[in-house]
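Encoded as structure tokens, the structure appears first; notes follow it.
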Amino acid sequence: MADFWDEMYLDEHLVDLEIDASDNFSALAALAGCLEKNQCVNGEFSQAIQEREKEFSTGLPLEHVGVAIPHTDSEYVFKQSMAIGILKNPVMFEMMGSPEVLVPVKIMFMLAIKEPKKQLEFLQALIDMFQTDEKVLAIIQAKTATEAVKKMKQNLN
């Protein structure tokens, strides 16, 4: 996955360390807004990602923390990118593949994928990273957005 960052844009402007959300949909909207503000996605992306979450839940329970990896169709994407959102307080997401199970999510990795054929590759890179909780916890504990980006890139390379 050494070329991961050649194909996926992430910088400190796409990181929100303090999302204050009452539920998963307001958390999704907040992070999607970050992608839209930075001209990575169009104005319909936020609604599309929320609609997709209703159909295909993205919560994953790790050993020590819950994560979510929301994504949607490429038609809403200008620039292939990833936004990272850390929630002040965990919000409940339905578990991927088992929507009857709720996962208290503390961190979201929102993918804006322009090349649909790459979606599985990007998801697999994240899943591989999730095998070691410490990598995810290091991102959550970052004091600045720049530090979070640095830790994320170290984890995926």
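Ordering of the structure tokens sets the chain letters (A, B, ...); residue numbers start at 1 within each chain; ligands are numbered from 1 in the order shown.
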
Need the shell around A:Ala32: protein/DNA/RNA residues with any atom at most 12 Å away, counting only C-alpha atoms. Skip same-chain ones fewer than 6 positions apart. Format as a PyMOL selection string?
chain A and resi 14-16+19+25-26+38-50+70-72+76-77+81-85+108-112

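Nearest to A:Glu55 of all the residues A:Val149, A:Met96, A:Ile86, A:Ala21 is A:Met96, based on only C-alpha atoms.
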
Which residue, A:Thr58, A:Gln80, A:Asp73, A:Phe122, has the smallest gap to A:Met95 when you use only C-alpha atoms?
A:Thr58

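Distance annotation: of A:Leu10, A:Met152, A:Leu28, A:Met129, the residue with the minimal separation from A:Val91 is A:Leu28; atom set is only C-alpha atoms.
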
For A:Val67, please output as number ranges by chain all residues within 7 Å (counting only C-alpha atoms; exclusion window: fewer than 2 positions along the same chain).
A: 59-61, 65, 69, 105-108
